[in-house]
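Beneath this line is the structure, given in structure tokens, with notes to follow.
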Amino acid sequence: QVQLVESGGGLVQAGGSLRLSCLASGRIWGFNVMGWYRQAPGKEREFVAIIRSAGSTNYVDSVRGRFTVSRDNDKNTVYLQMNSLKPEDTAVYYCYLSMRGSEYWGQGTQVTVSS
């Protein structure tokens with residue numbers, strides 16, 4: 001059974017930084033994609049960033065240059081470093097894992113950015 005557990009959310013002022021972590025446990029195959037989505041109140045869940053096992057990344061335009069996704073393959077952990085946070089970044093952030101045709105989600109961690 002694959003499980004994803006996020007940590008690192010919280011409350012921060014605009015312009016501040018937070019670092020999210022997500023640990024994947026269970027049978028994790030080497031070739032996979034990990035990343036982050038978010039869902040703001042009243043909105044659909046949206047893509048934020050992904051990183052493939054070989055290290056290539058993709059970002060949504062609204063966070064490019066401010067957020068950095070990284071991973072530690074030995075620890076099956078993905079990170080999201082969020083800098084220059086804006087109130088519009090406020091959302092529940094979900095960890096994501098895709099491997100062997102299946103998708104897995106974490107329970108989410110709240111990020112709140114005050115103006």
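Scheme for the structure tokens: letters A, B, ... for chains in order shown; per-chain residue numbers from 1; ligand numbers from 1 in order shown.
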| In chain A, what's strand (DSSP E or B) per DSSP? Answer as an MDAnalysis selection string? | chainID A and resid 3:7 10:13 18:25 33:39 46:52 57:59 64 67:72 77:82 91:99 102:105 109:114
| task | Do a neighbour search on A:Phe67 at 9 Å with only C-alpha atoms, toss out local chain neighbours closer than 2 positions, and write the hits as a ChimeraX atom specification. | result | /A:48-49,59,63-65,69,80-85
| task | Please provide as number ranges by chain all residues within 12 Å of A:Lys75, with the sequence filter that same-chain residues fewer than 6 positions apart are discarded (counting only C-alpha atoms). | result | A: 21-26, 28, 30
| field | Surrounding residues of A:Ser114 excluding itself and chain neighbours under 2 positions, 6 Å, only C-alpha atoms, as a list in words | value |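 Here the answer would be Gln13, Ala14 and Pro87 of chain A.
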| message | Given only C-alpha atoms as the basis, pick out the residue of A:Ala91, A:Val5, A:Val78, A:Val111 nearest to A:Glu46. | response |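 Residue with the minimum atom-to-atom distance to A:Glu46: A:Ala91.
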| query | Within 12 Å of A:Ala40, counting only C-alpha atoms, which residues qualify if same-chain residues fewer than 4 places away don't, as a ChimeraX atom specification? | reply | /A:44-47,87-94,108-113
| request: Would you mind listing what lies within 8 Å of A:Trp29 as number ranges by chain, with only C-alpha atoms counted and same-chain residues fewer than 3 positions away left out? | output: A: 32, 99-100
Keeping only N, CA, C and O atoms, write the selected residues as an mmCIF file, in the first residue's frame.
data_model
loop_
_atom_site.group_PDB
_atom_site.id
_atom_site.type_symbol
_atom_site.label_atom_id
_atom_site.label_comp_id
_atom_site.auth_asym_id
_atom_site.auth_seq_id
_atom_site.Cartn_x
_atom_site.Cartn_y
_atom_site.Cartn_z
ATOM 1 N N ASN A 32 9.205 7.160 -11.728
ATOM 2 C CA ASN A 32 7.934 7.747 -11.315
ATOM 3 C C ASN A 32 7.996 9.259 -11.433
ATOM 4 O O ASN A 32 9.053 9.836 -11.712
ATOM 5 N N MET A 99 3.034 6.371 -10.878
ATOM 6 C CA MET A 99 3.951 5.299 -11.261
ATOM 7 C C MET A 99 3.168 4.094 -11.752
ATOM 8 O O MET A 99 2.106 3.778 -11.233
ATOM 9 N N ARG A 100 3.703 3.483 -12.765
ATOM 10 C CA ARG A 100 3.145 2.265 -13.335
ATOM 11 C C ARG A 100 1.644 2.397 -13.616
ATOM 12 O O ARG A 100 0.872 1.480 -13.346
#
| Counting only C-alpha atoms, the residue of A:Tyr79, A:Tyr104, A:Arg66, A:Tyr37 that sits nearest A:Gly16 |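 Closest residue, counting only C-alpha atoms: A:Arg66.
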| task | Write out as a list of chain:residue names all residues of chain A that backbone DSSP assigns to helix (DSSP H, G or I). | result |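 Selection result, helix (DSSP H, G or I) within chain A: A:Asn73, A:Asp74, A:Lys75, A:Pro87, A:Glu88, A:Asp89.
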| Straight-line distance linking atom CA of A:Ser62 with atom CA of A:Asn76, stated in Å to one decimal | 26.6 Å
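A straight line drawn from atom CA of A:Gly106 to atom CA of A:Ser56 is 21.6 Å long.
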| field | Among listed residues A:Thr77, A:Thr57, A:Thr68, A:Gln107, nearest A:Gln39 (using only C-alpha atoms) | value |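 Ranked by minimum distance to A:Gln39, first place goes to A:Gln107.
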| query | Interatomic distance between atom CA of A:Ser98 and atom CA of A:Ser70? | reply |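 So the answer is 15.5 Å.
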| task | Choose the residue, out of A:Gly55, A:Gly35, A:Gly42, A:Gly9, that has the smallest atom-to-atom separation from A:Tyr96; count only C-alpha atoms. | result |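 Comparing A:Gly55, A:Gly35, A:Gly42, A:Gly9 against A:Tyr96, the winner is A:Gly35.
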